[in-house]
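J.: Below is a structure I'd like to ask you about.
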Amino acid sequence: MNADFPRTQKLIEAALARREGSALAILVEGQGKRLELFRGLSAHPGTTGVSRDVNDTSLFDLASLTKALATVPLIAEALGRKLFAIDDPVRKFFPGFGSSEVNLRHLLSHNSGLKNHEEFYRRPEALEKGFVTKKEMEGWILASPLTPLAKAEVVYSDLGIMLLGFLLEKTLGASVAELFQEMIARPLGLKRTGFRTLPHASPEERALRLPGDTSEFVATAQCEFHGRLLQGEVDDNNCWTLGGATSHAGLFSTLGETLVLLRNAGEAGRRFPDIFLARPGSKPPFTAGFMLYPGLRPVAGQEWKGAIGHTGFVGTSAWIDPKSDSALVCLGNRVHPDRKDSRFIETRLEIQRAAWEELR
């Protein structure tokens, strides 16, 4: 046991003993201390998943960490090339959008008035074909109900981030999967990070499919929609129906390479600080595609106050504290095998609190 982080490690062991997922990996560094820990199995024994010990090569579904660790740096790159400005109206690029007041910053900060989520993958057109085109998805999002900006509250919205992904593809001239590989993964030297694209993705996206045997991936949900356990397939069904590579979900990575992504995303914010400037109507807990700690859930105490990062539905989180340059990445699969099992959401806050206190 790492002597600097005894409470953090005990909380992780206890979570696995309670079967709050089958796998947990955590990396904490800062203030001259470091913890890197791998515990559990890639799938519960007795499920249809392939089970092996989790280690530094295990691939986790990052879920919504994709938003902060891939989409935000790509937006910063587009801003640097002056392809658009962060306060440009959404209608400039999507004429069918339902408001002339909403701008790109509103989309990025989740106060555009868009709904949080829609099960587009269940629409008749999607069910008939087994997939959705990006053009179809864009049209459905533009037709979604929109709360007037004056009445809009902060609503964490996949839909807004998906629109930003379509904008990146329009302005940078390639798919999100290609942009991620060219502008992030390759320059950072990442070998075990990418999108696990599916047969209905474009040929260019399929060519970038993250390789790996099923046993190398940590399992997520027993999905009633697909009728099988997901392992090496993205857990988000809207992302799945688009081919597995989107701006809001789809990235897989190892623990160590997720930390590299986190620090790169933080650097993007420093290089393009304008995307972090508040504007009228901007409210916590979001700024420029990042959550402000602790994100959507209240927590007592001041630990990690001022940190930026993100959480993911399947049981992932990543935070960086700009003041101390401390960082925490916690990767898990709390939805395995049941997406309704939410116990780890609170446990994750306890783990993050303990890690911060033991860093000090």
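Chain labels A, B, ... are given in the sequence in which chains occur in the structure tokens; within each chain residues are numbered consecutively from 1, and ligands are likewise numbered from 1 in the order shown.
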Would you mind writing down, as a list in words, each residue of range 114-146 of chain A that DSSP on the backbone assigns to helix (DSSP H, G or I)?
T.: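 Result set for range 114-146 of chain A (helix (DSSP H, G or I)): Phe120, Tyr121, Arg122, Pro124, Glu125, Ala126, Leu127, Glu128, Lys129, Lys134, Lys135, Glu136, Met137, Glu138, Gly139, Trp140, Ile141 and Leu142 of chain A.
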J.: Write the selection just made, keeping C-alpha atoms, as an mmCIF file, in the first residue's frame?
T.:
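What ended up in part.cif:
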```
data_model
loop_
_atom_site.group_PDB
_atom_site.id
_atom_site.type_symbol
_atom_site.label_atom_id
_atom_site.label_comp_id
_atom_site.auth_asym_id
_atom_site.auth_seq_id
_atom_site.Cartn_x
_atom_site.Cartn_y
_atom_site.Cartn_z
ATOM 1 C CA PHE A 120 -32.233 9.378 -31.011
ATOM 2 C CA TYR A 121 -31.085 5.793 -31.480
ATOM 3 C CA ARG A 122 -34.655 4.620 -30.812
ATOM 4 C CA PRO A 124 -37.825 4.571 -36.394
ATOM 5 C CA GLU A 125 -35.287 5.713 -38.988
ATOM 6 C CA ALA A 126 -32.420 4.575 -36.759
ATOM 7 C CA LEU A 127 -34.045 1.272 -35.886
ATOM 8 C CA GLU A 128 -34.776 0.486 -39.516
ATOM 9 C CA LYS A 129 -31.191 1.051 -40.694
ATOM 10 C CA LYS A 134 -24.580 12.747 -39.072
ATOM 11 C CA LYS A 135 -26.862 14.829 -41.273
ATOM 12 C CA GLU A 136 -29.915 13.138 -39.784
ATOM 13 C CA MET A 137 -28.626 13.612 -36.248
ATOM 14 C CA GLU A 138 -27.847 17.271 -36.897
ATOM 15 C CA GLY A 139 -31.386 17.843 -38.180
ATOM 16 C CA TRP A 140 -32.945 16.148 -35.168
ATOM 17 C CA ILE A 141 -30.898 18.250 -32.757
ATOM 18 C CA LEU A 142 -31.806 21.468 -34.582
#
```
J.: Select from range 126-234 of chain A every residue with an atom at most 6 Å from any atom of range 326-341 of chain A, then for each give the shortest pair of atoms and their distance in Å to one decimal, using only C-alpha atoms, rows by chain and rising number, as a Markdown table.
T.:
```
| residue | atom | partner | partner_atom | distance |
| --- | --- | --- | --- | --- |
| A:Thr220 | CA | A:His336 | CA | 4.6 |
| A:Ala221 | CA | A:Pro337 | CA | 4.5 |
| A:Gln222 | CA | A:Pro337 | CA | 5.0 |
```
J.: Env of range 84-93 of chain A: 8 Å cut, atoms = only C-alpha atoms, seq-sep filter 5 positions within chain, self excluded. Answer as a PyMOL selection string.
T.: chain A and resi 78-79+99-105+167+275
J.: Could you write those residues out with C-alpha atoms, as a CSV table (one decimal), in the first residue's frame?
T.:
```
chain,number,residue,atom,x,y,z
A,78,ALA,CA,-10.1,25.9,-34.5
A,79,LEU,CA,-10.2,29.1,-32.6
A,99,SER,CA,-32.6,31.1,-31.6
A,100,SER,CA,-30.6,34.0,-32.9
A,101,GLU,CA,-29.3,34.8,-29.4
A,102,VAL,CA,-27.5,31.6,-28.5
A,103,ASN,CA,-23.8,31.5,-29.4
A,104,LEU,CA,-21.1,28.8,-29.4
A,105,ARG,CA,-20.0,29.7,-25.8
A,167,LEU,CA,-19.2,22.4,-36.4
A,275,ILE,CA,-12.8,30.5,-24.1
```
J.: Please tabulate, as JSON lines, the residues of range 194-264 of chain A that come within 9 Å of range 153-165 of chain A, each with its closest pair of atoms and the distance in Å to one decimal, counting only C-alpha atoms and ordering rows by chain, then residue number upward.
T.:
```
{"residue": "A:Thr246", "atom": "CA", "partner": "A:Gly165", "partner_atom": "CA", "distance": 6.8}
{"residue": "A:Ser247", "atom": "CA", "partner": "A:Gly165", "partner_atom": "CA", "distance": 4.9}
{"residue": "A:His248", "atom": "CA", "partner": "A:Ile161", "partner_atom": "CA", "distance": 5.9}
{"residue": "A:Ala249", "atom": "CA", "partner": "A:Asp158", "partner_atom": "CA", "distance": 8.9}
```
J.: Next, write the just-selected residues to a file, as a short mmCIF file (atom, residue, chain, number, x, y, z; two decimals), in the first residue's frame, keeping all heavy atoms as the atom set.
T.:
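Saved file again.cif follows:
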```cif
data_model
loop_
_atom_site.label_atom_id
_atom_site.label_comp_id
_atom_site.auth_asym_id
_atom_site.auth_seq_id
_atom_site.Cartn_x
_atom_site.Cartn_y
_atom_site.Cartn_z
N THR A 246 -17.73 10.37 -31.71
CA THR A 246 -18.45 11.64 -31.68
C THR A 246 -17.75 12.60 -30.74
O THR A 246 -16.78 12.25 -30.06
CB THR A 246 -19.91 11.45 -31.21
OG1 THR A 246 -19.90 10.95 -29.85
CG2 THR A 246 -20.65 10.46 -32.10
N SER A 247 -18.25 13.82 -30.70
CA SER A 247 -17.65 14.84 -29.84
C SER A 247 -18.08 14.72 -28.39
O SER A 247 -17.49 15.36 -27.51
CB SER A 247 -18.02 16.24 -30.35
OG SER A 247 -19.43 16.36 -30.48
N HIS A 248 -19.12 13.93 -28.11
CA HIS A 248 -19.61 13.86 -26.73
C HIS A 248 -19.26 12.54 -26.03
O HIS A 248 -19.39 12.44 -24.81
CB HIS A 248 -21.13 14.06 -26.70
CG HIS A 248 -21.93 12.87 -27.14
ND1 HIS A 248 -22.00 12.45 -28.45
CD2 HIS A 248 -22.71 12.00 -26.44
CE1 HIS A 248 -22.77 11.39 -28.54
NE2 HIS A 248 -23.22 11.10 -27.33
N ALA A 249 -18.81 11.54 -26.76
CA ALA A 249 -18.50 10.25 -26.17
C ALA A 249 -17.73 9.42 -27.21
O ALA A 249 -17.67 9.78 -28.39
CB ALA A 249 -19.77 9.52 -25.76
#
```
J.: Just to confirm, what's the straight-line distance from CA of Leu198 in chain A to CA of Gly315 in chain A in Å (one decimal)?
T.: 22.6 Å
J.: Write out as JSON, numbers by chain the set of residues from range 17-218 of chain A that DSSP, computed on the backbone, places in strand (DSSP E or B).
T.: {"A": [23, 24, 25, 26, 27, 28, 29, 30, 33, 34, 35, 36, 37, 38, 39, 40, 41, 53, 59, 60, 61, 89, 103, 114, 146, 194, 195, 217]}
J.: Name all residues at most 12 Å from Asn237 in chain A (count only C-alpha atoms; drop same-chain ones fewer than 2 positions away) and give them as a PyMOL selection string.
T.: chain A and resi 63+117-123+126-127+130-132+221+223-226+230+233-235+239-246+248-250
J.: I'd like the interatomic distance between CA of Leu229 in chain A and CA of Pro211 in chain A, to a tenth of an Å.
T.: 19.0 Å
J.: Please determine, counting only C-alpha atoms, which residue among A:Ala23, A:Leu188, A:Ile345, A:Leu41 has the shortest atom-to-atom distance to Thr258 in chain A.
T.: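 Looking only at the distances to Thr258 in chain A, the closest residue turns out to be A:Leu188.
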J.: Could you work out how far CA of Thr57 in chain A lies from CA of Gly312 in chain A, giving the answer in Å with one decimal?
T.: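 Rounded to one decimal, the two atoms are 19.8 Å apart.
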J.: My list of candidates is A:Val72, A:Ala177, A:Ala43, A:Leu27. Which is closest to Phe195 in chain A when distances are computed with only C-alpha atoms?
T.: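 Under the stated criterion, the closest residue is A:Ala177.
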J.: Within 10 Å of Leu359 in chain A, counting only C-alpha atoms, which residues qualify if same-chain residues fewer than 4 places away don't, as a list in words?
T.: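 With the cut-off at 10 Å, the set is Asp4, Phe5, Val28, Glu29, Gly30, Gln31, Gly32, Lys33, Arg34, Leu35, Ser326, Ala354 and Ala355 of chain A.
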J.: Would you save the residues of that selection, restricted to N, CA and C atoms, as a tab-separated table (two decimals), in the first residue's frame?
T.:
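As written to disk, result33.tsv reads:
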```tsv
chain	number	residue	atom	x	y	z
A	4	ASP	N	1.43	7.22	1.27
A	4	ASP	CA	0.90	8.58	1.17
A	4	ASP	C	-0.62	8.61	0.97
A	5	PHE	N	-1.21	7.49	0.55
A	5	PHE	CA	-2.63	7.49	0.19
A	5	PHE	C	-3.39	6.31	0.80
A	28	VAL	N	-3.06	9.76	-9.18
A	28	VAL	CA	-3.05	11.06	-8.51
A	28	VAL	C	-1.62	11.53	-8.45
A	29	GLU	N	-1.38	12.78	-8.82
A	29	GLU	CA	-0.03	13.31	-8.70
A	29	GLU	C	-0.06	14.80	-8.40
A	30	GLY	N	0.92	15.23	-7.62
A	30	GLY	CA	1.03	16.64	-7.24
A	30	GLY	C	1.69	16.77	-5.89
A	31	GLN	N	2.22	17.96	-5.61
A	31	GLN	CA	2.84	18.25	-4.31
A	31	GLN	C	3.95	17.23	-3.98
A	32	GLY	N	4.61	16.72	-5.02
A	32	GLY	CA	5.70	15.77	-4.81
A	32	GLY	C	5.25	14.36	-4.50
A	33	LYS	N	3.95	14.07	-4.62
A	33	LYS	CA	3.43	12.73	-4.33
A	33	LYS	C	2.79	12.13	-5.58
A	34	ARG	N	2.69	10.81	-5.58
A	34	ARG	CA	2.07	10.14	-6.73
A	34	ARG	C	1.49	8.80	-6.29
A	35	LEU	N	0.30	8.52	-6.77
A	35	LEU	CA	-0.35	7.22	-6.57
A	35	LEU	C	-0.83	6.73	-7.92
A	326	SER	N	-1.84	19.91	-9.50
A	326	SER	CA	-2.18	18.54	-9.09
A	326	SER	C	-3.24	17.99	-10.04
A	354	ALA	N	-10.65	12.17	-0.45
A	354	ALA	CA	-9.54	11.55	0.28
A	354	ALA	C	-8.22	11.78	-0.44
A	355	ALA	N	-8.21	11.65	-1.76
A	355	ALA	CA	-6.98	11.82	-2.51
A	355	ALA	C	-6.44	13.24	-2.36
```
J.: Which of these, A:Leu146, A:Leu62, A:Ala70, A:Ala14, has the shortest distance to Glu178 in chain A once you count only C-alpha atoms?
T.: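 Between A:Leu146, A:Leu62, A:Ala70, A:Ala14, the residue approaching Glu178 in chain A most closely is A:Ala70.
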J.: Which of these residues is nearest to Val260 in chain A, using only C-alpha atoms: A:Thr193, A:Ser202, A:Ser42, A:Gln231?
T.: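 Checking each candidate against Val260 in chain A, we get A:Thr193 as the closest.
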J.: Just checking: using only C-alpha atoms, which residue out of A:His106, A:Ile351, A:Glu36, A:Leu69 ends up closest to Ala185 in chain A?
T.: A:Leu69
J.: Tell me which protein, DNA and RNA residues are within 10 Å of Leu83 in chain A, counting only C-alpha atoms, leaving out same-chain ones fewer than 4 positions away, and put them as a list in words.
T.: Ile75, Glu77, Ala78, Leu79, Leu168, Thr171 and Leu172 of chain A
J.: Could you dump the residues just selected with all heavy atoms as a short mmCIF file (atom, residue, chain, number, x, y, z; two decimals), in the first residue's frame?
T.:
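Contents of the output file out_14.cif:
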```
data_model
loop_
_atom_site.label_atom_id
_atom_site.label_comp_id
_atom_site.auth_asym_id
_atom_site.auth_seq_id
_atom_site.Cartn_x
_atom_site.Cartn_y
_atom_site.Cartn_z
N ILE A 75 -11.62 22.48 -30.29
CA ILE A 75 -12.22 23.81 -30.42
C ILE A 75 -11.15 24.88 -30.26
O ILE A 75 -11.12 25.87 -31.01
CB ILE A 75 -13.36 23.99 -29.39
CG1 ILE A 75 -14.57 23.15 -29.82
CG2 ILE A 75 -13.74 25.46 -29.25
CD1 ILE A 75 -15.68 23.11 -28.82
N GLU A 77 -8.07 24.58 -31.04
CA GLU A 77 -7.30 24.57 -32.30
C GLU A 77 -8.03 25.36 -33.38
O GLU A 77 -7.43 26.16 -34.11
CB GLU A 77 -7.08 23.13 -32.75
CG GLU A 77 -6.31 22.98 -34.04
CD GLU A 77 -4.86 23.39 -33.94
OE1 GLU A 77 -4.31 23.33 -32.82
OE2 GLU A 77 -4.29 23.80 -34.97
N ALA A 78 -9.35 25.14 -33.52
CA ALA A 78 -10.12 25.87 -34.52
C ALA A 78 -10.14 27.37 -34.22
O ALA A 78 -10.07 28.20 -35.14
CB ALA A 78 -11.54 25.32 -34.58
N LEU A 79 -10.21 27.74 -32.95
CA LEU A 79 -10.15 29.15 -32.58
C LEU A 79 -8.81 29.75 -32.96
O LEU A 79 -8.74 30.88 -33.45
CB LEU A 79 -10.39 29.31 -31.08
CG LEU A 79 -11.80 29.07 -30.56
CD1 LEU A 79 -11.81 29.05 -29.03
CD2 LEU A 79 -12.76 30.14 -31.08
N LEU A 168 -17.02 21.40 -35.81
CA LEU A 168 -15.60 21.09 -36.02
C LEU A 168 -15.39 20.36 -37.33
O LEU A 168 -14.44 20.64 -38.07
CB LEU A 168 -15.07 20.25 -34.85
CG LEU A 168 -14.89 20.97 -33.51
CD1 LEU A 168 -14.63 19.97 -32.39
CD2 LEU A 168 -13.72 21.97 -33.60
N THR A 171 -15.80 22.85 -40.28
CA THR A 171 -14.78 23.90 -40.43
C THR A 171 -13.37 23.34 -40.59
O THR A 171 -12.53 23.97 -41.24
CB THR A 171 -14.80 24.86 -39.21
OG1 THR A 171 -14.66 24.10 -38.00
CG2 THR A 171 -16.11 25.64 -39.18
N LEU A 172 -13.09 22.19 -40.01
CA LEU A 172 -11.75 21.60 -40.11
C LEU A 172 -11.67 20.54 -41.20
O LEU A 172 -10.58 20.06 -41.52
CB LEU A 172 -11.32 21.02 -38.77
CG LEU A 172 -10.98 22.06 -37.70
CD1 LEU A 172 -10.89 21.42 -36.32
CD2 LEU A 172 -9.67 22.76 -38.04
#
```
